[in-house]
>>> print(open('structure.cif').read())   # mmCIF, C-alpha atoms and all ligand atoms
data_structure
loop_
_atom_site.label_atom_id
_atom_site.label_comp_id
_atom_site.auth_asym_id
_atom_site.auth_seq_id
_atom_site.Cartn_x
_atom_site.Cartn_y
_atom_site.Cartn_z
CA MET A 300 121.28 44.31 81.76
CA LYS A 301 124.12 45.83 83.78
CA ILE A 302 127.22 43.75 84.51
CA THR A 303 129.78 44.77 87.14
CA PHE A 304 133.17 43.10 87.51
CA TYR A 305 134.47 42.27 91.00
CA GLY A 306 137.63 40.41 89.96
CA GLN A 307 138.38 36.79 88.96
CA ASN A 308 134.98 35.36 87.84
CA SER A 309 132.98 37.51 90.28
CA LEU A 310 130.25 39.55 88.66
CA GLY A 311 127.20 41.49 89.69
CA ILE A 312 124.33 41.41 87.20
CA GLU A 313 121.26 43.62 87.34
CA VAL A 314 118.48 42.21 85.19
CA SER A 315 114.73 42.80 85.30
CA GLY A 316 114.98 44.48 88.70
CA LYS A 317 116.85 41.53 90.26
CA ASN A 318 120.44 41.39 91.46
CA LEU A 319 122.58 38.37 90.67
CA ILE A 320 126.04 37.71 92.05
CA ILE A 321 128.17 35.24 90.13
CA ASP A 322 131.06 33.29 91.74
CA PRO A 323 131.83 35.67 94.61
CA PHE A 324 135.53 35.67 95.50
CA ILE A 325 136.13 39.19 96.69
CA SER A 326 137.15 39.43 100.36
CA SER A 327 140.40 37.48 99.81
CA ASN A 328 141.14 38.55 96.25
CA PRO A 329 144.21 40.80 96.46
CA LEU A 330 142.82 42.84 93.53
CA SER A 331 139.37 43.53 95.01
CA LYS A 332 139.51 43.11 98.80
CA ASP A 333 140.30 46.78 99.51
CA THR A 334 137.88 48.17 96.92
CA ILE A 335 134.70 46.12 97.29
CA ASP A 336 132.93 45.58 100.60
CA ILE A 337 130.83 42.44 100.23
CA ARG A 338 128.39 43.82 102.83
CA SER A 339 127.42 46.49 100.29
CA LEU A 340 126.45 43.96 97.61
CA LYS A 341 122.80 43.35 96.82
CA ALA A 342 121.78 39.86 95.81
CA ASP A 343 118.55 38.05 95.09
CA TYR A 344 120.46 35.11 93.60
CA ILE A 345 124.01 33.81 93.83
CA LEU A 346 125.03 31.68 90.85
CA LEU A 347 128.01 29.38 91.36
CA THR A 348 129.72 27.74 88.38
CA HIS A 349 131.78 25.29 90.48
CA ALA A 350 133.07 24.74 94.00
CA HIS A 351 136.61 26.08 93.82
CA GLN A 352 137.52 28.60 96.48
CA ASP A 353 138.17 31.38 93.96
CA HIS A 354 134.47 31.11 92.97
CA VAL A 355 132.55 30.38 96.17
CA LEU A 356 134.54 31.99 98.99
CA ASP A 357 132.05 34.78 99.77
CA ALA A 358 128.87 32.91 98.84
CA GLU A 359 128.02 32.12 102.47
CA ALA A 360 128.58 35.65 103.75
CA ILE A 361 126.61 37.24 100.91
CA ALA A 362 123.78 34.71 101.20
CA ARG A 363 123.62 35.36 104.94
CA ASN A 364 123.58 39.16 104.46
CA THR A 365 121.00 39.17 101.68
CA GLY A 366 118.95 35.97 101.97
CA ALA A 367 119.85 35.29 98.32
CA LYS A 368 118.99 31.95 96.77
CA ILE A 369 122.05 29.93 95.71
CA VAL A 370 121.81 28.44 92.21
CA SER A 371 124.32 25.79 91.19
CA ASN A 372 124.73 22.13 90.36
CA TYR A 373 123.04 19.57 92.60
CA GLU A 374 126.07 18.78 94.79
CA ILE A 375 126.93 22.43 95.44
CA ALA A 376 123.28 23.31 96.07
CA MET A 377 122.93 20.45 98.59
CA HIS A 378 126.14 21.57 100.31
CA TYR A 379 124.61 25.01 100.94
CA GLN A 380 121.15 23.66 101.70
CA GLY A 381 122.79 21.58 104.44
CA MET A 382 124.08 24.82 105.93
CA GLY A 383 120.55 26.23 105.98
CA PHE A 384 120.63 28.36 102.84
CA ASP A 385 117.89 28.72 100.25
CA VAL A 386 119.01 26.93 97.08
CA HIS A 387 117.95 25.98 93.58
CA PRO A 388 119.73 22.83 92.34
CA MET A 389 120.33 22.35 88.62
CA ASN A 390 122.40 20.03 86.52
CA HIS A 391 124.01 20.02 83.12
CA GLY A 392 121.74 20.63 80.17
CA GLY A 393 118.84 21.74 82.32
CA SER A 394 117.25 25.16 82.28
CA TRP A 395 114.81 26.98 84.52
CA GLU A 396 112.66 30.07 84.16
CA PHE A 397 113.54 32.37 87.06
CA ASP A 398 111.81 35.71 87.71
CA PHE A 399 114.71 37.52 86.01
CA GLY A 400 115.07 35.24 82.96
CA ARG A 401 115.91 31.75 81.85
CA VAL A 402 119.10 30.05 83.06
CA LYS A 403 120.70 27.00 81.49
CA TYR A 404 123.52 25.15 83.28
CA VAL A 405 125.97 24.13 80.58
CA ASN A 406 129.06 21.98 80.34
CA ALA A 407 132.53 23.07 81.35
CA ILE A 408 135.71 21.04 81.35
CA HIS A 409 137.44 21.63 84.68
CA THR A 410 137.18 20.24 88.24
CA SER A 411 134.95 21.19 91.16
CA THR A 412 135.96 20.36 94.72
CA PHE A 413 135.38 22.52 97.79
CA ALA A 414 138.48 23.70 99.66
CA ASP A 415 137.87 21.10 102.41
CA GLY A 416 137.71 18.27 99.85
CA THR A 417 133.88 18.04 99.75
CA ASP A 418 132.59 16.91 96.36
CA GLY A 419 131.33 19.83 94.29
CA GLY A 420 129.88 17.74 91.47
CA PHE A 421 130.94 18.61 87.94
CA PRO A 422 131.70 22.19 86.95
CA GLY A 423 129.54 24.21 84.62
CA GLY A 424 128.75 27.54 83.08
CA PHE A 425 125.52 29.50 82.68
CA VAL A 426 123.60 30.79 79.70
CA ILE A 427 121.30 33.55 80.93
CA GLU A 428 118.49 34.72 78.70
CA GLY A 429 117.39 38.06 80.09
CA GLU A 430 114.41 40.13 79.04
CA HIS A 431 116.38 41.85 76.27
CA LYS A 432 119.90 40.40 76.24
CA ASN A 433 121.50 36.97 76.44
CA ILE A 434 124.86 36.16 77.96
CA TYR A 435 127.11 33.14 78.43
CA ILE A 436 129.21 32.82 81.56
CA ALA A 437 131.69 30.05 80.73
CA GLY A 438 133.07 29.64 84.26
CA ASP A 439 136.42 27.91 84.49
CA THR A 440 136.76 25.71 81.45
CA ALA A 441 138.94 24.43 78.70
CA LEU A 442 137.91 25.16 75.17
CA THR A 443 135.34 22.48 74.39
CA MET A 444 133.33 21.48 71.35
CA ASP A 445 130.24 21.59 73.57
CA MET A 446 130.39 25.37 73.24
CA LYS A 447 129.16 24.90 69.65
CA LEU A 448 125.79 23.84 71.07
CA ILE A 449 125.18 27.22 72.68
CA PRO A 450 124.31 29.19 69.51
CA MET A 451 121.88 26.40 68.56
CA TRP A 452 119.90 27.40 71.65
CA THR A 453 120.58 31.06 72.19
CA LYS A 454 121.76 34.08 70.23
CA LEU A 455 124.30 35.66 72.56
CA ASP A 456 124.94 39.36 73.10
CA LEU A 457 128.00 38.79 75.30
CA ALA A 458 130.33 35.88 76.10
CA ILE A 459 132.11 36.06 79.46
CA LEU A 460 135.19 33.90 79.02
CA PRO A 461 138.25 33.06 81.11
CA ILE A 462 141.46 34.25 79.46
CA GLY A 463 144.12 33.71 82.14
CA ASP A 464 145.45 30.37 80.88
CA ASN A 465 147.08 27.69 83.11
CA PHE A 466 143.83 26.71 84.93
CA THR A 467 141.46 27.58 82.06
CA MET A 468 141.50 28.69 78.45
CA GLY A 469 144.05 31.29 77.53
CA VAL A 470 143.58 34.09 75.01
CA GLU A 471 144.01 32.01 71.84
CA ASP A 472 141.48 29.39 72.94
CA ALA A 473 139.10 32.08 74.15
CA ILE A 474 139.16 33.53 70.62
CA LEU A 475 138.18 30.09 69.29
CA ALA A 476 135.50 29.83 72.00
CA SER A 477 134.07 33.13 70.81
CA ASP A 478 133.81 31.57 67.33
CA PHE A 479 132.19 28.44 68.76
CA VAL A 480 129.51 30.40 70.63
CA GLN A 481 129.11 32.83 67.70
CA CYS A 482 129.60 35.97 69.76
CA ASP A 483 132.36 38.44 68.94
CA LYS A 484 131.73 40.56 72.01
CA VAL A 485 133.72 39.11 74.91
CA LEU A 486 134.25 40.13 78.51
CA GLY A 487 137.52 38.61 79.70
CA VAL A 488 137.69 37.25 83.26
CA HIS A 489 139.89 34.96 85.40
CA TYR A 490 143.22 36.71 84.83
CA ASP A 491 145.83 38.58 86.91
CA THR A 492 144.48 37.46 90.31
CA PHE A 493 147.59 35.42 91.08
CA GLY A 494 150.91 34.62 89.43
CA TYR A 495 149.78 31.63 87.40
CA ILE A 496 147.22 33.67 85.50
CA GLU A 497 148.93 37.03 84.98
CA ILE A 498 148.53 38.17 81.38
CA ASP A 499 149.58 40.98 79.05
CA LYS A 500 146.23 42.76 78.76
CA GLU A 501 147.15 44.95 75.78
CA MET A 502 148.42 41.91 73.87
CA ALA A 503 145.19 40.03 74.70
CA LYS A 504 143.08 42.91 73.37
CA LYS A 505 145.21 43.13 70.24
CA LYS A 506 144.84 39.41 69.52
CA PHE A 507 141.06 39.67 69.80
CA PHE A 508 141.05 42.83 67.68
CA ASP A 509 143.16 41.12 65.00
CA ALA A 510 140.63 38.26 64.97
CA GLY A 511 137.82 40.79 64.34
CA LYS A 512 136.53 40.58 67.89
CA ASP A 513 136.08 42.92 70.81
CA LEU A 514 137.68 41.94 74.14
CA MET A 515 136.52 44.09 77.04
CA LEU A 516 138.43 44.11 80.31
CA LEU A 517 136.80 45.93 83.20
CA GLY A 518 138.52 47.39 86.25
CA ILE A 519 137.37 46.18 89.67
CA GLY A 520 133.93 47.66 90.34
CA GLU A 521 133.58 48.85 86.75
CA SER A 522 130.37 48.08 84.83
CA LEU A 523 129.13 47.60 81.31
CA GLU A 524 125.60 48.04 80.10
CA LEU A 525 124.05 45.71 77.53
NI NI B 601 138.24 26.54 89.16
MN MN B 602 138.96 29.58 89.11
#
>>> encode(input="structure.cif", output="C-alpha cells")
Amino acid sequence: MKITFYGQNSLGIEVSGKNLIIDPFISSNPLSKDTIDIRSLKADYILLTHAHQDHVLDAEAIARNTGAKIVSNYEIAMHYQGMGFDVHPMNHGGSWEFDFGRVKYVNAIHTSTFADGTDGGFPGGFVIEGEHKNIYIAGDTALTMDMKLIPMWTKLDLAILPIGDNFTMGVEDAILASDFVQCDKVLGVHYDTFGYIEIDKEMAKKKFFDAGKDLMLLGIGESLEL
C-alpha cells in the first residue's frame, strides 16, 4: 500500500492495483495548489469522510476526469448521484468488500454540511483493510471513545489522524487516539493549511516520540510505503 499526501486530509492510496483519492481539497489549498495538478491524479474511487469544503472541493472535477466511484455516507453519496456521478453509499458501522479491500465507515465527532448549506449527513472516518495492510483514516474528529472499537475489529498498521487542533483533535488528543486505536504509527494530517490550524511540527513529533510513538509528517506530494 502506497500513501501520498496532498495536503489537509487529501491522500492518494494505491492498493491492490487500484487508486483511491481521499478527501480531495487540492486546487484551492494554498499549500498544494501550485504543486499538484488534479488532472494528473488517477482515481478508481474517491472516499469522502464528510461534506466540508476542505474535504470535497475537488471531488467533482476528479470524478469527472477519471470516472471514479464516490464512496461516502448516504447523504453525500446521494448528493453526487444527483449530479450524475457513480456512487457507493455507506453509513456508520457498515462495511463493504470492494475490489481493493474492505472498507468500514466509522464514527467521527464533527459536523458535515456542504458549502452551500446542503445536508451532508453525519461525518465519519474509514477503516481500510487492504490485502496486506490495514489503515484508519479518522477524518475530522474529536477524540472519541468510539475509537476504542476499532482494534476490536482490525489490527491497524497506520492511523491517519488530524493534529491541527481548533476544528479537530490536536496533538495531545491524537496521542490518546493512537492509544485508543492501538497503533503507534501515525500519519498526521489536517494542519498548517490555514491560520487556525498552524502547528509547531517539531514539537508535535517530539510529543509523539516522548509518548513512545512515531508521528510521520509528509511534504505535499510525498509518499510512504506500508
Ligand atoms: Ni471538517
Ligand atoms: Mn476539515
>>> closest_residue(input="structure.cif", among="A:Met444, A:Glu359, A:Ser331, A:Gly311", to="Met382 of chain A", atoms="only C-alpha atoms")
A:Glu359
>>> residues_around(input="structure.cif", residues="segment 493-504 of chain A", least_positions_apart="2", cutoff="7 Å", atoms="all atoms listed in the file", output="ChimeraX atom specification")
/A:463-465,470,490-491,506-508,514
>>> residues_around(input="structure.cif", residues="Gln307 of chain A", least_positions_apart="6", cutoff="12 Å", atoms="all atoms listed in the file", output="PyMOL selection string")
chain A and resi 321-332+351-356+438-439+459-463+467+486-493+496-497+516-520
>>> write_last_selection(input="structure.cif", atoms="C-alpha atoms", output="mmCIF file, in the frame of the given file")
data_model
loop_
_atom_site.group_PDB
_atom_site.id
_atom_site.type_symbol
_atom_site.label_atom_id
_atom_site.label_comp_id
_atom_site.auth_asym_id
_atom_site.auth_seq_id
_atom_site.Cartn_x
_atom_site.Cartn_y
_atom_site.Cartn_z
ATOM 1 C CA ILE A 321 128.170 35.240 90.130
ATOM 2 C CA ASP A 322 131.060 33.290 91.740
ATOM 3 C CA PRO A 323 131.830 35.670 94.610
ATOM 4 C CA PHE A 324 135.530 35.670 95.500
ATOM 5 C CA ILE A 325 136.130 39.190 96.690
ATOM 6 C CA SER A 326 137.150 39.430 100.360
ATOM 7 C CA SER A 327 140.400 37.480 99.810
ATOM 8 C CA ASN A 328 141.140 38.550 96.250
ATOM 9 C CA PRO A 329 144.210 40.800 96.460
ATOM 10 C CA LEU A 330 142.820 42.840 93.530
ATOM 11 C CA SER A 331 139.370 43.530 95.010
ATOM 12 C CA LYS A 332 139.510 43.110 98.800
ATOM 13 C CA HIS A 351 136.610 26.080 93.820
ATOM 14 C CA GLN A 352 137.520 28.600 96.480
ATOM 15 C CA ASP A 353 138.170 31.380 93.960
ATOM 16 C CA HIS A 354 134.470 31.110 92.970
ATOM 17 C CA VAL A 355 132.550 30.380 96.170
ATOM 18 C CA LEU A 356 134.540 31.990 98.990
ATOM 19 C CA GLY A 438 133.070 29.640 84.260
ATOM 20 C CA ASP A 439 136.420 27.910 84.490
ATOM 21 C CA ILE A 459 132.110 36.060 79.460
ATOM 22 C CA LEU A 460 135.190 33.900 79.020
ATOM 23 C CA PRO A 461 138.250 33.060 81.110
ATOM 24 C CA ILE A 462 141.460 34.250 79.460
ATOM 25 C CA GLY A 463 144.120 33.710 82.140
ATOM 26 C CA THR A 467 141.460 27.580 82.060
ATOM 27 C CA LEU A 486 134.250 40.130 78.510
ATOM 28 C CA GLY A 487 137.520 38.610 79.700
ATOM 29 C CA VAL A 488 137.690 37.250 83.260
ATOM 30 C CA HIS A 489 139.890 34.960 85.400
ATOM 31 C CA TYR A 490 143.220 36.710 84.830
ATOM 32 C CA ASP A 491 145.830 38.580 86.910
ATOM 33 C CA THR A 492 144.480 37.460 90.310
ATOM 34 C CA PHE A 493 147.590 35.420 91.080
ATOM 35 C CA ILE A 496 147.220 33.670 85.500
ATOM 36 C CA GLU A 497 148.930 37.030 84.980
ATOM 37 C CA LEU A 516 138.430 44.110 80.310
ATOM 38 C CA LEU A 517 136.800 45.930 83.200
ATOM 39 C CA GLY A 518 138.520 47.390 86.250
ATOM 40 C CA ILE A 519 137.370 46.180 89.670
ATOM 41 C CA GLY A 520 133.930 47.660 90.340
#
>>> residues_around(input="structure.cif", residues="Glu396 of chain A", least_positions_apart="3", cutoff="12 Å", atoms="all atoms listed in the file", output="tab-separated table (two decimals) with C-alpha atoms, in the coordinates of the input")
chain	number	residue	atom	x	y	z
A	387	HIS	CA	117.95	25.98	93.58
A	389	MET	CA	120.33	22.35	88.62
A	393	GLY	CA	118.84	21.74	82.32
A	399	PHE	CA	114.71	37.52	86.01
A	400	GLY	CA	115.07	35.24	82.96
A	401	ARG	CA	115.91	31.75	81.85
A	402	VAL	CA	119.10	30.05	83.06
A	403	LYS	CA	120.70	27.00	81.49
A	404	TYR	CA	123.52	25.15	83.28
A	426	VAL	CA	123.60	30.79	79.70
A	427	ILE	CA	121.30	33.55	80.93
A	428	GLU	CA	118.49	34.72	78.70
A	429	GLY	CA	117.39	38.06	80.09
A	430	GLU	CA	114.41	40.13	79.04
>>> atom_distance(input="structure.cif", atom1="atom CA of Ala376 of chain A", atom2="atom CA of Gly423 of chain A")
13.1 Å
>>> atom_distance(input="structure.cif", atom1="atom CA of Leu523 of chain A", atom2="atom CA of Ile302 of chain A")
5.4 Å
>>> residues_around(input="structure.cif", residues="His391 of chain A", least_positions_apart="2", cutoff="12 Å", atoms="only C-alpha atoms", output="PDB file with C-alpha atoms, keeping the file's coordinate frame")
ATOM      1  CA  THR A 348     129.720  27.740  88.380  1.00  0.00           C
ATOM      2  CA  HIS A 349     131.780  25.290  90.480  1.00  0.00           C
ATOM      3  CA  SER A 371     124.320  25.790  91.190  1.00  0.00           C
ATOM      4  CA  ASN A 372     124.730  22.130  90.360  1.00  0.00           C
ATOM      5  CA  TYR A 373     123.040  19.570  92.600  1.00  0.00           C
ATOM      6  CA  GLU A 374     126.070  18.780  94.790  1.00  0.00           C
ATOM      7  CA  PRO A 388     119.730  22.830  92.340  1.00  0.00           C
ATOM      8  CA  MET A 389     120.330  22.350  88.620  1.00  0.00           C
ATOM      9  CA  GLY A 393     118.840  21.740  82.320  1.00  0.00           C
ATOM     10  CA  SER A 394     117.250  25.160  82.280  1.00  0.00           C
ATOM     11  CA  TRP A 395     114.810  26.980  84.520  1.00  0.00           C
ATOM     12  CA  VAL A 402     119.100  30.050  83.060  1.00  0.00           C
ATOM     13  CA  LYS A 403     120.700  27.000  81.490  1.00  0.00           C
ATOM     14  CA  TYR A 404     123.520  25.150  83.280  1.00  0.00           C
ATOM     15  CA  VAL A 405     125.970  24.130  80.580  1.00  0.00           C
ATOM     16  CA  ASN A 406     129.060  21.980  80.340  1.00  0.00           C
ATOM     17  CA  ALA A 407     132.530  23.070  81.350  1.00  0.00           C
ATOM     18  CA  ILE A 408     135.710  21.040  81.350  1.00  0.00           C
ATOM     19  CA  GLY A 420     129.880  17.740  91.470  1.00  0.00           C
ATOM     20  CA  PHE A 421     130.940  18.610  87.940  1.00  0.00           C
ATOM     21  CA  PRO A 422     131.700  22.190  86.950  1.00  0.00           C
ATOM     22  CA  GLY A 423     129.540  24.210  84.620  1.00  0.00           C
ATOM     23  CA  GLY A 424     128.750  27.540  83.080  1.00  0.00           C
ATOM     24  CA  PHE A 425     125.520  29.500  82.680  1.00  0.00           C
ATOM     25  CA  VAL A 426     123.600  30.790  79.700  1.00  0.00           C
ATOM     26  CA  ASP A 445     130.240  21.590  73.570  1.00  0.00           C
TER      27      ASP A 445
END
>>> closest_residue(input="structure.cif", among="A:Val480, A:Ile312, A:Ile436, A:Leu475", to="Pro450 of chain A", atoms="only C-alpha atoms")
A:Val480
>>> residues_around(input="structure.cif", residues="His431 of chain A", least_positions_apart="5", cutoff="10 Å", atoms="only C-alpha atoms", output="PDB file with C-alpha atoms, keeping the file's coordinate frame")
ATOM      1  CA  MET A 300     121.280  44.310  81.760  1.00  0.00           C
ATOM      2  CA  VAL A 314     118.480  42.210  85.190  1.00  0.00           C
ATOM      3  CA  SER A 315     114.730  42.800  85.300  1.00  0.00           C
ATOM      4  CA  GLY A 400     115.070  35.240  82.960  1.00  0.00           C
ATOM      5  CA  ASP A 456     124.940  39.360  73.100  1.00  0.00           C
ATOM      6  CA  LEU A 525     124.050  45.710  77.530  1.00  0.00           C
TER       7      LEU A 525
END
>>> build_atoms(input="structure.cif", residues="segment 325-339 of chain A", atoms="N, CA, C and O atoms", output="PDB file, in the coordinates of the input")
ATOM      1  N   ILE A 325     135.831  37.754  96.622  1.00  0.00           N
ATOM      2  CA  ILE A 325     136.130  39.190  96.690  1.00  0.00           C
ATOM      3  C   ILE A 325     136.949  39.525  97.929  1.00  0.00           C
ATOM      4  O   ILE A 325     137.965  40.207  97.846  1.00  0.00           O
ATOM      5  N   SER A 326     136.538  38.995  99.102  1.00  0.00           N
ATOM      6  CA  SER A 326     137.150  39.430 100.360  1.00  0.00           C
ATOM      7  C   SER A 326     138.596  38.953 100.522  1.00  0.00           C
ATOM      8  O   SER A 326     139.331  39.489 101.345  1.00  0.00           O
ATOM      9  N   SER A 327     139.001  37.938  99.744  1.00  0.00           N
ATOM     10  CA  SER A 327     140.400  37.480  99.810  1.00  0.00           C
ATOM     11  C   SER A 327     141.127  37.668  98.496  1.00  0.00           C
ATOM     12  O   SER A 327     142.258  37.219  98.357  1.00  0.00           O
ATOM     13  N   ASN A 328     140.479  38.284  97.531  1.00  0.00           N
ATOM     14  CA  ASN A 328     141.140  38.550  96.250  1.00  0.00           C
ATOM     15  C   ASN A 328     142.014  39.787  96.426  1.00  0.00           C
ATOM     16  O   ASN A 328     141.498  40.868  96.713  1.00  0.00           O
ATOM     17  N   PRO A 329     143.328  39.650  96.259  1.00  0.00           N
ATOM     18  CA  PRO A 329     144.210  40.800  96.460  1.00  0.00           C
ATOM     19  C   PRO A 329     143.828  42.000  95.590  1.00  0.00           C
ATOM     20  O   PRO A 329     144.099  43.144  95.955  1.00  0.00           O
ATOM     21  N   LEU A 330     143.164  41.746  94.451  1.00  0.00           N
ATOM     22  CA  LEU A 330     142.820  42.840  93.530  1.00  0.00           C
ATOM     23  C   LEU A 330     141.531  43.564  93.934  1.00  0.00           C
ATOM     24  O   LEU A 330     141.295  44.689  93.510  1.00  0.00           O
ATOM     25  N   SER A 331     140.674  42.909  94.735  1.00  0.00           N
ATOM     26  CA  SER A 331     139.370  43.530  95.010  1.00  0.00           C
ATOM     27  C   SER A 331     139.092  43.734  96.500  1.00  0.00           C
ATOM     28  O   SER A 331     138.175  44.462  96.864  1.00  0.00           O
ATOM     29  N   LYS A 332     139.895  43.118  97.382  1.00  0.00           N
ATOM     30  CA  LYS A 332     139.510  43.110  98.800  1.00  0.00           C
ATOM     31  C   LYS A 332     139.484  44.504  99.434  1.00  0.00           C
ATOM     32  O   LYS A 332     138.722  44.731 100.368  1.00  0.00           O
ATOM     33  N   ASP A 333     140.292  45.429  98.921  1.00  0.00           N
ATOM     34  CA  ASP A 333     140.300  46.780  99.510  1.00  0.00           C
ATOM     35  C   ASP A 333     139.316  47.718  98.825  1.00  0.00           C
ATOM     36  O   ASP A 333     139.076  48.819  99.303  1.00  0.00           O
ATOM     37  N   THR A 334     138.760  47.291  97.700  1.00  0.00           N
ATOM     38  CA  THR A 334     137.880  48.170  96.920  1.00  0.00           C
ATOM     39  C   THR A 334     136.406  47.835  97.133  1.00  0.00           C
ATOM     40  O   THR A 334     135.567  48.726  97.151  1.00  0.00           O
ATOM     41  N   ILE A 335     136.099  46.551  97.237  1.00  0.00           N
ATOM     42  CA  ILE A 335     134.700  46.120  97.290  1.00  0.00           C
ATOM     43  C   ILE A 335     134.392  45.541  98.671  1.00  0.00           C
ATOM     44  O   ILE A 335     135.063  44.612  99.120  1.00  0.00           O
ATOM     45  N   ASP A 336     133.389  46.102  99.313  1.00  0.00           N
ATOM     46  CA  ASP A 336     132.930  45.580 100.600  1.00  0.00           C
ATOM     47  C   ASP A 336     131.740  44.663 100.320  1.00  0.00           C
ATOM     48  O   ASP A 336     130.701  45.130  99.838  1.00  0.00           O
ATOM     49  N   ILE A 337     131.903  43.374 100.593  1.00  0.00           N
ATOM     50  CA  ILE A 337     130.830  42.440 100.230  1.00  0.00           C
ATOM     51  C   ILE A 337     129.526  42.752 100.966  1.00  0.00           C
ATOM     52  O   ILE A 337     128.457  42.393 100.510  1.00  0.00           O
ATOM     53  N   ARG A 338     129.622  43.468 102.106  1.00  0.00           N
ATOM     54  CA  ARG A 338     128.390  43.820 102.830  1.00  0.00           C
ATOM     55  C   ARG A 338     127.545  44.831 102.064  1.00  0.00           C
ATOM     56  O   ARG A 338     126.375  45.029 102.362  1.00  0.00           O
ATOM     57  N   SER A 339     128.166  45.490 101.072  1.00  0.00           N
ATOM     58  CA  SER A 339     127.420  46.490 100.290  1.00  0.00           C
ATOM     59  C   SER A 339     126.743  45.862  99.075  1.00  0.00           C
ATOM     60  O   SER A 339     126.000  46.540  98.367  1.00  0.00           O
TER      61      SER A 339
END
